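Visitor: Once you've had a glance at the structure underneath, I'll fire off some questions.
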Amino acid sequence: MSADSALETITARVRSPFEGPNTTGNSNAFWTAFVLAVVGLFLVPAVSPGHVSDLTLFMSYAFLALSLCFIWGYCGILSFGQVAFFGVAGYTFGIVGINVGAETGALLGVVAALFVATLFAAALGYFMFYGGVRDVYVTIMTLVVALVLNTFMGQTAGSEWAIGDARLGGFNGMVGAPNRAIGTGSVAIDMTGDGLYYVVLALLIATYLGLRALVNSRFGYAMVATREDEDRTAMFGYNTKFIKLAVFTFGGTLAGLSGVLFMFWSPGGYINPDVFGITAAAMPVIWASIGGRTSLLGTTTAAVALQYLDQRLAASGSEYALVVIGALLLFVILVMPAGVAPYAERAVDWIRDGVSAKLRGDPESENENAPSNSEVTK
Amino acid sequence: MDPYQLLNLLFQFLDSFAVIVLAAVGLAIIFGMMGIINLAHGEFILVGAYATVLSYHRIGLPLVVAMLVGVAITTVYGVVLERLIVRHLYDRLLDSMVATWGISLIMIQGVRILWGNSLDGVGTPFGSVSYGPYSYSTYRLVLAGIAVGVLIGLYVLFARTDFGMRARATIQDKETARSMGVDTDRMYLSTFAIGSALAGLTGALYAPTRSVGPEFGQEYVVEAFVTVVVGGASVIVGTSMAGGLLALVKSGATNQWGQFIGLAAMLVTAIVAIRLMPDGITGLLEDWRRARRESE
Amino acid sequence: MSMLAVDGLAVSYGNTPVLRGIDVAVEEGEIVGIVGKNGVGKTTLIKAVMGLLEADAGTVRFRGETVTNPDRYRFEGTPIGPLAASVRQSGLAETSAGGVVDKLVGPAPDVPANGRATRGIGYIPQGRDVFPDLSVEENLRMGETINAADDDPLYDVVYDYFPILEERATQDAGTLSGGQQQMLAIGRALVGNPDLLLLDEPSEGIQPSIVQQITADLTRINDELGITILFVEQNLQVIQNLATRCYAIDKGTIVDELGPVDLSSRETLAEYLAV
Amino acid sequence: MSVHDSTIKTTAAVDETGAGTNRILQTRGLVKRFGGLTAIDDVDFAVEEGEMRCLIGPNGAGKSTFLKLITGRHAPSDGSVYYDGADITDLDSYERVDQGISIKFQVPSIYPELTVRQNLRVPLQRVASRSEYDERTEATLEQFDLLEEIDTVAANLSHGQQQRLEIGMAMTLEPDLMLLDEPVAGLSIEETEEIAELLVELNDEGVAFVVIEHDIDFVASIADRVTVLHQGEIFTEGSIEDVRADPEVKRIYLGESGEADAEERAGPEADH
Amino acid sequence: MSDRRLSRRRALATGLSGVGLALAGCLAEEGDGNGGNGDGGNGETTGTTGGDDAPKIAVLEDRSGNFALNGTAKWQASLLAVEEINADGGVLGEEIEVYDPDPQSDNQRYVELTQEAIVDEEVDALWAGYSSATREAIRPTVNQHDQLYFYTTQYEGGVCDETTFAVGATARQQLGAVVPYLIEEYGPRIYTVAADYNFGQLSGDWVRILAEEHDAEVVDEEYIPLDVSDFGSTINNIQGEDPDFIMSMLVGESHTAFYEQRANTGLDIPIGSSTTMAQGYEHRRLDPPALTDMYVGVNYMEEITGERNEDFVDRFYEEWPDAEYLNQEAQNNYFSVYMWKEAVERAGTFDQEAVIEELEAGIEVEAPEGDIELDPATHHMTHHMRVGHADENHEVTFSEEQYIEPSFLHEVGCDLTEESEQTQYEPGEYYDEA
């Protein structure tokens with residue numbers, strides 16, 4: 001009994017930074033399921049090698065989804081142009097990688113890509129938030145930025161559009177970023193196949209947990225408060241412009257990371273201006289809306305699930321594939337306005353209540369499953 | 001620059017102005033009055049174009065009649081969609097974007113399934129005006145006239161009629177408007193119908209100038225959104241001023257440095273305009289108006 | 001026949017009941033107040049009478065016509081089996097073959113807020129809520145529809161009461177001061193010559209001098225135009241100066257009815273305002 | 001400006017109050033124009049440390065605007081704001097909060113979708129460490145009689161509870177100067193009395209207040225001094241008794257004679 | 001590759017043989033029903049012959065999105081070829097399965113589906129993509145797996161890749177047919193209007209090279225972003241220059257508006273092109289006289305005369321009665337499927353390396369456009385090039401055929417039989433004029 005409670009204290013302590021009212025899933029049951037899911041994902045290459053490549057790609061997109069969830073769901077900034085940072089990072093990775101070459105090129109490429117994406121987001125964020133651009137205007141402005149990049153990169157076909165050895169390639173895209181391995185000197189990590197899969201998966205889990213900790217931290221509260229009421233929050237002494245800038249900038253970094261991981265997946269290190277297009281730009285918004293924009297896990301899952309579904313429908317060759325996707329979006333928005341996550345959570349609660357009702361007489365287990373709001377903030 | 005080239009510039013400006021205004025005005029009404037961002041706006045234009053071309057070719061109606069049919073069908077289509085879907089999205093700005101994106105996907109592919117990848121073209125009427133070595137499509141100049149006419153018509157509708165007054169009251173305070181006897185539900189429906197009709201008109205008018213296929217509407221979307229945002233809250237003033245500004249930049253830059261620079265210049269202007277005028281041109285005008293009132 | 005009769009009105013927000021069966025009757029020509037402290041449901045009552053909130057139960061009758069009737073919801077889908085034929089004959093409902101109520105034919109369905117306005121109820125919301133970007137004149141024109149008898153709009157009367165509105169006719173209503181906006185809100189409801197005026201806290205946020213003035217104006221409107229008034233108020237002075245009769249409301253129910261004698265007693269009133 | 005405005009100027013007693021040593025807040029020549037409207041016109045105003053000052057005046061007199069100039073929500077068109085002797089005119093809102101100014105807005109401005117606990121956490125985490133959160137949250141809620149509602153979503157609180165919560169949140173920051181915009185609007189008499197007691201208690205602890213309020217009885221129950229604002233200018237300043245007794249104030253604002261306010265009817269601006 | 005096949009097809013098409021008719025009907029049905037899952041129904045029939053090793057090809061062509069207009073016919077013609085082959089006994093006695101998802105004109109989707117085709121479906125040959133951007137998007141994947149890949153669109157040229165067979169006509173072949181012809185007919189002053197991306201810019205380079213070779217001059221050139229559809233300023237610019245003819249390498253639906261606007265403005269300067277009519281059948285879709293005096297260099301159009309082509313067209317429309325047009329690329333898909341079959345049969349195996357070896361040994365095809373030949377060194381085709389001309393009623397006539405080799409890659413020294421490469425050469429690197 002005492003060993004049990006000691007164990008409980010330890011798990012509670014381990015869990016506590018990741019929990020709080022700003023995230024859903026703050027119970028033992030959730031974490032058990034989470035650990036099982038992670039274990040399941042680690043087993044995929046062994047169990048179902050056919051899904052590794054697709055899952056790698058979709059999980060790379062998940063960082064883009066997380067970036068939007070972070071800035072939109074938690075700070076109220078709806079960027080319709082997160083792909084701008086994705087694409088800028090991808091191109092930067094390619095340009096640096098091609099010029100430096102090999103594993104070192106990939107390493108420098110990653111560093112440079114994240115740096116440039118972050119800087120770009122910071123510059124754009126400063127331009128917008130310190131200039132009083134708000135709400136839906138932020139949304140449209142970010143979209144226009146992505147479209148400008150789309151237009152611009154599309155016409156860089158000529159040989160004059162080269163940075164060092166890297167030809168931008170216009171509409172046809174840029175090819176040849178070294179993406180098979182990353183490292184320096186004699187140390188290199190294989191970034192193909194299963195190797196890449198594990199890298200992306202580990203990063204995704206780390207990012208997810210990191211964001212959970214972040215949104216439940218002091219800064220997380222400041223973000224949420226800014227989302228809820230910017231003026232009020234400023235009157236508690238928070239520099240809300242800076243908070244938005246910081247959030248947007250970090251969102252840019254995450255989107256950039258997504259772009260970099262995409263480049264590692266992309267066969268031949270290929271990228272083209274479609275990444276800035278309006279279709280690409282809409283995808284993260286759709287993931288977040290469907291998954292539930294205030295749920296990190298919901299958005300991530302929606303990104304992977306929707307990309308998978310989308311691809312399967314396309315692979316079926318049916319002419320109704322896009323009709324089905326469109327209808328699904330409509331259905332979710334009309335029937336589940338806050339996205340699937342809150343409903344999923346409610347369904348889980350309902351099932352759990354049913355189970356704990358059956359287990360009645362065992363107060364221990366009931367206690368454990370009780371809504372953990374109060375337990376969390378302690 | 002010789003006078004002929006000035007005339008070129010003027011015509012190109014009018015041409016851009018017409019495209020931008022006609023593409024944007026329906027969207028502006030729906031966005032400005034109802035807080036719905038209709039990402040399927042391009043597909044409303046598509047409906048107008050398809051209805052026009054199909055009734056012209058398959059039924060054999062005269063072009064003008066076919067265009068009216070196009071407008072009518074788009075209006076009906078808008079009304080049906082409003083009843084079924086859009087009215088659940090009022091006051092849900094961002095959700096409306098995702099839902100209408102879904103509508104857009106369904107419509108583009110639906111049109112493709114129903115009528116294939118392309119419709120037969122309808123020739124552009126009227127021929128051209130010649131001046132010196134140059135000529136310009138008369139029809140496209142007529143479109144500029146129609147664009148101005150639409151703006152004036154809307155101004156009259158919204159500023160001078162009881163309907164317009166009620167519509168504006170509904171936007172400002174829906175609940176109070178209802179308690180003043182306004183059937184706000186019907187008001188929203190009418191507004192959406194007007195927005196749809198204007199989108200249909202755009203489709204009908206441009207069907208003879210472009211190749212009509214399922215992606216027809218997509219060509220207008222970017223310009224429409226940029227214009228609406230640069231224009232700001234007031235539909236008519238905002239759309240015409242933003243249309244004027246963007247058309248000037250686009251046609252001027254295109255004339256001087258080619259199509260790519262023209263397109264890029266327009267987008268960059270939009271970004272700068274939003275940054276300098278977070279409430280759009282209308283917001284800026286509002287400040288001027290207040291300042292003038294002060295000096296009186 | 002009462003001008004306004006509210007019977008057993010119940011309204012809730014989500015699962016939280018706010019009104020739990022309110023009975024109120026207002027006779028023609030009366031000025032009736034609803035008093036009670038904050039959060040007891042006064043505004044909810046006014047809005048439900050106006051039709052801006054949906055009632056869960058009970059009815060609102062205006063000049064004898066039932067404008068709200070939540071009961072109609074209860075019968076749809078109800079199996080009535082052998083009674084089906086007689087129900088159908090009664091003309092109250094359509095029934096399907098299985099003896100299930102498909103559609104209620106009568107009594108009349110809910111009249112929405114705009115329908116109640118056109119039947120002659122003028123509404124002056126809490127916080128005035130003039131249309132800020134409409135001109136003063138347009139704001140008044142918006143009120144023309146509150147007109148059961150299709151009389152000519154009472155611009156002369158309104159401008160006589162509130163001359164400032166005529167002076168500012170072309171100005172945007174949003175540029176008026178708070179007191180002027182309150183005058184506009186009253187003028188707007190008045191212009192269509194309504195039978196009943198509903199006022200929601202006319203004194204809130206208005207400086208005391210203007211409050212007194214508006215109180216006097218309302219008395220005049222009632223006196224000269226014979227318009228019945230039902231108002232919600234927390235300001236003790238306004239209640240005393242304006243009301244001929246009062247209902248005290250607490251926790252969603254009517255707890256007392258106050259006649260002139262009670263109203264003259266500051267203590268009795270204060271009790272209900274600060275229960 | 002009309003004739004009687006000049007008489008107002010003579011009755012105004014802006015800098016002749018004699019106080020001058022411990023001013024926590026002072027404005028000099030403060031002007032705010034919105035387009036054509038001059039909302040605040042050359043206002044010199046000062047509050048002593050630990051003072052309880054009430055600001056009254058007709059609607060549209062510029063009271064809320066004035067508060068927003070002090071908090072930095074609006075930038076003044078002209079003039080300066082001093083806090084604790086330092087010029088804070090160019091500081092951002094949040095920087096002024098760090099100096100010790102706190103505000104409660106006119107419309108209850110809480111975070112409606114967050115629980116009471118989460119609401120309090122926002123200001124709390126600026127001044128307390130994680131381990132103190134629960135203790136201090138409960139202490140504050142105890143003080144503001146909201147302990148039972150600790151896990152209620154703020155939108156579901158009653159109006160009075162929301163008002164109290166907002167004051168509680170503002171007080172959490174332990175300000176030296178607290179600005180309250182209509183703290184008892186829409187409250188019952190009982191609640192109003194409670195708030196009055198609370199403010200007096202906090203004031204006794206040394207917090208200076210600037211309170212905008214219409215409820216003259218409430219003002220009388222708390223104020224050390226009262227400033228009357230009219231048409232963007234300081235009309236008069238003094239004890240509540242003096243102000244109440246001032247016939248001009250009665251005429252423009254209190255209106256106890258019950259006579260019509262001719263000026264308001266004709267419009268306050270002099271251009272008619 | 002023999003007359004035997006063609007005669008059998010003719011029998012099916014005309015319904016002379018009762019058995020053949022029944023078979024054809026059955027196949028057509030299956031083809032229709034299988035639009036969505038090409039491997040579904042066939043899986044069982046081939047199960048008896050080859051089990052999991054049944055030969056399979058991937059046909060990734062767009063049936064939705066931007067390029068559906070071009071891609072649909074490519075997909076239809078590929079399936080037609082496969083069905084004919086299967087009806088005729090298959091390849092090496094085995095029926096061919098088809099993996100044919102719809103990439104929806106999305107390059108990212110192409111990459112995913114190409115991977116799936118190669119890794120999961122283990123296809124023996126791949127046909128994929130309309131635009132050169134698509135080709136470039138999937139070529140790394142193709143190269144990574146040494147996948148035999150047929151790219152069938154007419155394109156800018158220059159791809160020299162060991163496993164890729166670019167069987168469409170190149171810019172040099174098309175423009176080489178039409179530019180000299182127009183210089184001869186109308187004069188030496190050329191105005192180039194082209195899509196502002198790789199294809200357009202390289203084609204513009206080729207116009208300049210060809211102009212130089214024929215003592216003509218490009219007086220100005222304009223590159224138009226793909227989503228531009230208002231050409232007022234472009235038309236004014238052309239009028240200002242008053243060239244002898246215009247070379248248009250405009251691409252996509254937006255650009256089609258240029259022709260409408262040209263006609264409406266009364267700009268009657270003739271136009272040469274490598275992109276109109278043969279792919280997007282503008283002469284059918286646009287209202288005459290939009291394409292008056294449009295000259296296009298093509299290796300195939302539905303309208304070319306000759307019994308072999310008429311027969312092909314009949315079979316195509318019998319299989320796909322709702323098809324909109326049988327374009328140049330569709331023909332390329334069609335003949336290249338037969339070309340692959342021939343190579344497989346010569347190799348006696350589906351093994352891709354062996355098949356490529358056979359292809360590189362030189363192969364001749366009786367294509368609907370005429371008898372053509374694969375150039376082993378460059379993996380390109382020697383095509384029958386024609387200049388198609390549309391009159392004011394959009395009636396198309398063809399000038400005399402020329403047999404043009406893919407010479408550019410020879411000039412740059414691409415010889416895949418000698419040296420493995422995976423590059424794309426550009427004219428700018430070899431010609432001063434470009």
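Just so we're on the same page: first chain in the structure tokens is A, next is B, and so on; residues restart at 1 for each chain, and ligands are numbered from 1 in the order they show up.
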If you run DSSP on this backbone, which residues of range 20-66 of chain D come out as strand (DSSP E or B), and could you give them as JSON, numbers by chain?
Guide: {"D": [23, 24, 25, 26, 27, 28, 29, 30, 31, 32, 33, 34, 37, 38, 39, 40, 41, 42, 43, 44, 45, 46, 47, 48, 52, 53, 54, 55, 56]}
Visitor: For the contact check between chain A and chain B, emit one row per residue of chain A within 6 Å, containing the shortest atom pair and the distance in Å rounded to one decimal, counting only C-alpha atoms, chain then rising number order, as JSON lines.
Guide:
{"residue": "A:Val133", "atom": "CA", "partner": "B:Pro278", "partner_atom": "CA", "distance": 5.1}
{"residue": "A:Val323", "atom": "CA", "partner": "B:Ile106", "partner_atom": "CA", "distance": 4.4}
{"residue": "A:Gly326", "atom": "CA", "partner": "B:Gly102", "partner_atom": "CA", "distance": 3.9}
{"residue": "A:Leu329", "atom": "CA", "partner": "B:Gly102", "partner_atom": "CA", "distance": 5.5}
{"residue": "A:Leu330", "atom": "CA", "partner": "B:Ala99", "partner_atom": "CA", "distance": 4.9}
Visitor: Just the residues within 9 Å of Phe11 in chain B, please, counting only C-alpha atoms, with nothing from its chain fewer than 6 positions along; format it as a VMD selection string.
Guide: (chain B and resid 136 140 to 141) or (chain E and resid 232 to 233)
Visitor: Can you spit out the residues from that selection as a compact mmCIF listing (two decimals), in the first residue's frame, using all heavy atoms?
Guide:
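Contents of result_23.txt, freshly written:
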# COMPACT_ATOMS: atom_id res chain seq x y z
N TYR B 136 -7.99 47.56 -77.94
CA TYR B 136 -8.36 46.98 -76.67
C TYR B 136 -9.75 46.40 -76.78
O TYR B 136 -10.60 46.92 -77.49
CB TYR B 136 -8.30 48.02 -75.54
CG TYR B 136 -7.78 47.43 -74.26
CD1 TYR B 136 -6.43 47.43 -73.98
CD2 TYR B 136 -8.65 46.83 -73.36
CE1 TYR B 136 -5.94 46.86 -72.82
CE2 TYR B 136 -8.17 46.25 -72.20
CZ TYR B 136 -6.81 46.26 -71.94
OH TYR B 136 -6.33 45.68 -70.80
N ARG B 140 -14.16 44.27 -72.48
CA ARG B 140 -13.49 44.43 -71.18
C ARG B 140 -13.64 45.85 -70.66
O ARG B 140 -13.64 46.08 -69.45
CB ARG B 140 -12.03 44.01 -71.28
CG ARG B 140 -11.92 42.53 -71.62
CD ARG B 140 -10.53 41.98 -71.46
NE ARG B 140 -10.12 41.90 -70.07
CZ ARG B 140 -10.12 40.79 -69.36
NH1 ARG B 140 -10.54 39.66 -69.88
NH2 ARG B 140 -9.70 40.79 -68.13
N LEU B 141 -13.76 46.79 -71.56
CA LEU B 141 -14.01 48.15 -71.10
C LEU B 141 -15.45 48.28 -70.60
O LEU B 141 -15.72 48.99 -69.63
CB LEU B 141 -13.73 49.15 -72.22
CG LEU B 141 -12.26 49.12 -72.69
CD1 LEU B 141 -12.04 50.06 -73.85
CD2 LEU B 141 -11.33 49.47 -71.53
N GLY E 232 -4.27 42.04 -71.33
CA GLY E 232 -4.39 43.35 -71.97
C GLY E 232 -3.03 43.98 -72.24
O GLY E 232 -2.74 44.44 -73.34
N SER E 233 -2.18 43.98 -71.21
CA SER E 233 -0.89 44.64 -71.39
C SER E 233 -0.01 43.86 -72.36
O SER E 233 0.70 44.45 -73.17
CB SER E 233 -0.20 44.81 -70.04
OG SER E 233 0.22 43.56 -69.56
Visitor: Excluding same-chain residues fewer than 2 positions from range 209-217 of chain B, what lies within 6 Å of it counting only C-alpha atoms, as a ChimeraX atom specification?
Guide: /B:42-43,45-46,108,111-112,117-119,124,206-207,219-220 /E:257
Visitor: For the selection just defined, write its residues with C-alpha atoms to a file, as a CSV table (one decimal), in the first residue's frame.
Guide:
chain,number,residue,atom,x,y,z
B,42,GLY,CA,-14.5,31.4,-56.2
B,43,GLU,CA,-16.9,28.5,-56.7
B,45,ILE,CA,-18.3,32.6,-59.4
B,46,LEU,CA,-17.9,29.2,-61.0
B,108,ILE,CA,-14.8,21.9,-57.9
B,111,VAL,CA,-18.5,20.1,-61.3
B,112,ARG,CA,-15.7,18.0,-62.8
B,117,ASN,CA,-12.8,19.1,-67.4
B,118,SER,CA,-13.8,21.9,-69.6
B,119,LEU,CA,-16.8,23.6,-71.2
B,124,THR,CA,-16.2,37.4,-76.3
B,206,TYR,CA,-16.1,36.7,-67.3
B,207,ALA,CA,-17.2,33.4,-68.8
B,219,GLU,CA,-8.4,32.5,-60.4
B,220,TYR,CA,-10.3,35.2,-58.6
E,257,ALA,CA,-7.6,33.2,-72.0
Visitor: Find the distance between CA of Gln213 in chain C and CA of Asp250 in chain C and write it in Å to one decimal.
Guide: 28.7 Å
Visitor: Between CA of Leu66 in chain A and CA of Val153 in chain D, what is the spacing in Å?
Guide: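 Result for CA of Val153 in chain D versus CA of Leu66 in chain A: 26.5 Å, one decimal.
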Visitor: Select, as a list in words, those residues of chain C with any atom no more than 8 Å from chain B (distances computed using only C-alpha atoms).
Guide: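 Those within range of chain B come out as Met50, Leu52, Ala113, Asn114, Gly115, Arg116, Ala117, Thr118, Gly122, Tyr123, Pro125, Asp129, Phe131, Pro132, Asp133, Leu134, Glu138, Met142, Gly143, Thr145, Ile146 and Ala189 of chain C.
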Visitor: Skipping near chain neighbours, those fewer than 5 positions away, what residues fall within 7 Å of range 202-204 of chain E using only C-alpha atoms, listed as a list in words?
Guide: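 What passes the distance filter is Glu156, Ala171, Thr192 and Ala194 of chain E.
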Visitor: Go ahead and write the selection's residues with C-alpha atoms as an mmCIF file, in the first residue's frame.
Guide:
data_model
loop_
_atom_site.group_PDB
_atom_site.id
_atom_site.type_symbol
_atom_site.label_atom_id
_atom_site.label_comp_id
_atom_site.auth_asym_id
_atom_site.auth_seq_id
_atom_site.Cartn_x
_atom_site.Cartn_y
_atom_site.Cartn_z
ATOM 1 C CA GLU E 156 11.440 21.235 -72.758
ATOM 2 C CA ALA E 171 10.912 21.471 -77.479
ATOM 3 C CA THR E 192 7.792 35.172 -77.592
ATOM 4 C CA ALA E 194 5.737 31.902 -72.534
#
Visitor: Would you pick out the contacts of range 66-75 of chain B at 8 Å or less, using only C-alpha atoms, so that residues sharing its chain but fewer than 3 positions from it are not included, and give the list as a PDB file with C-alpha atoms, in the first residue's frame?
Guide:
ATOM      1  CA  PHE B  44     -19.883  30.791 -56.502  1.00  0.00           C
ATOM      2  CA  ILE B  45     -18.294  32.585 -59.416  1.00  0.00           C
ATOM      3  CA  VAL B  47     -21.575  28.482 -60.680  1.00  0.00           C
ATOM      4  CA  GLY B  48     -22.345  31.743 -62.442  1.00  0.00           C
ATOM      5  CA  ALA B  49     -19.959  30.912 -65.263  1.00  0.00           C
ATOM      6  CA  TYR B  50     -21.181  27.348 -65.685  1.00  0.00           C
ATOM      7  CA  ALA B  51     -24.818  28.306 -65.628  1.00  0.00           C
ATOM      8  CA  THR B  52     -24.147  30.954 -68.248  1.00  0.00           C
ATOM      9  CA  VAL B  53     -22.128  28.755 -70.574  1.00  0.00           C
ATOM     10  CA  SER B  55     -27.566  27.728 -70.895  1.00  0.00           C
ATOM     11  CA  TYR B  56     -25.867  29.438 -73.818  1.00  0.00           C
ATOM     12  CA  LEU B  61     -30.206  31.191 -75.049  1.00  0.00           C
ATOM     13  CA  PRO B  62     -28.854  34.528 -76.208  1.00  0.00           C
ATOM     14  CA  LEU B  63     -25.737  35.479 -74.278  1.00  0.00           C
ATOM     15  CA  GLY B  78     -26.462  30.788 -52.538  1.00  0.00           C
ATOM     16  CA  VAL B  79     -29.856  30.796 -50.867  1.00  0.00           C
ATOM     17  CA  ALA B 193     -28.234  36.123 -51.761  1.00  0.00           C
ATOM     18  CA  ILE B 194     -26.954  39.505 -52.929  1.00  0.00           C
ATOM     19  CA  SER B 196     -24.051  35.205 -54.270  1.00  0.00           C
ATOM     20  CA  ALA B 197     -25.762  37.070 -57.071  1.00  0.00           C
ATOM     21  CA  LEU B 198     -22.747  39.339 -57.452  1.00  0.00           C
ATOM     22  CA  ALA B 199     -20.427  36.334 -57.527  1.00  0.00           C
ATOM     23  CA  GLY B 200     -22.704  34.829 -60.151  1.00  0.00           C
ATOM     24  CA  LEU B 201     -22.578  38.063 -62.110  1.00  0.00           C
ATOM     25  CA  GLY B 203     -18.814  34.421 -63.334  1.00  0.00           C
ATOM     26  CA  ALA B 204     -21.355  35.245 -66.024  1.00  0.00           C
ATOM     27  CA  LEU B 205     -19.471  38.318 -67.183  1.00  0.00           C
TER      28      LEU B 205
END
Visitor: Could the residues of chain A that have an atom at most 8 Å from chain D be listed as JSON lines, each with its closest atom pair and the distance in Å to one decimal, counting only C-alpha atoms and ordered by chain and ascending residue number?
Guide:
{"residue": "A:Arg218", "atom": "CA", "partner": "D:Gln125", "partner_atom": "CA", "distance": 6.5}
{"residue": "A:Tyr221", "atom": "CA", "partner": "D:Val122", "partner_atom": "CA", "distance": 6.2}
{"residue": "A:Ala222", "atom": "CA", "partner": "D:Val122", "partner_atom": "CA", "distance": 6.5}
{"residue": "A:Ala225", "atom": "CA", "partner": "D:Val122", "partner_atom": "CA", "distance": 6.8}
{"residue": "A:Glu228", "atom": "CA", "partner": "D:Tyr111", "partner_atom": "CA", "distance": 5.9}
{"residue": "A:Asp229", "atom": "CA", "partner": "D:Tyr111", "partner_atom": "CA", "distance": 6.6}
{"residue": "A:Arg232", "atom": "CA", "partner": "D:Ser109", "partner_atom": "CA", "distance": 6.6}
{"residue": "A:Thr233", "atom": "CA", "partner": "D:Val122", "partner_atom": "CA", "distance": 7.9}
{"residue": "A:Ala234", "atom": "CA", "partner": "D:Tyr94", "partner_atom": "CA", "distance": 5.1}
{"residue": "A:Met235", "atom": "CA", "partner": "D:Tyr94", "partner_atom": "CA", "distance": 5.9}
{"residue": "A:Phe236", "atom": "CA", "partner": "D:Pro123", "partner_atom": "CA", "distance": 5.7}
{"residue": "A:Gly237", "atom": "CA", "partner": "D:Tyr94", "partner_atom": "CA", "distance": 3.9}
{"residue": "A:Tyr238", "atom": "CA", "partner": "D:Tyr94", "partner_atom": "CA", "distance": 5.3}
{"residue": "A:Asn239", "atom": "CA", "partner": "D:Tyr94", "partner_atom": "CA", "distance": 5.6}
{"residue": "A:Thr377", "atom": "CA", "partner": "D:Asp134", "partner_atom": "CA", "distance": 8.0}
{"residue": "A:Lys378", "atom": "CA", "partner": "D:Asp134", "partner_atom": "CA", "distance": 7.0}
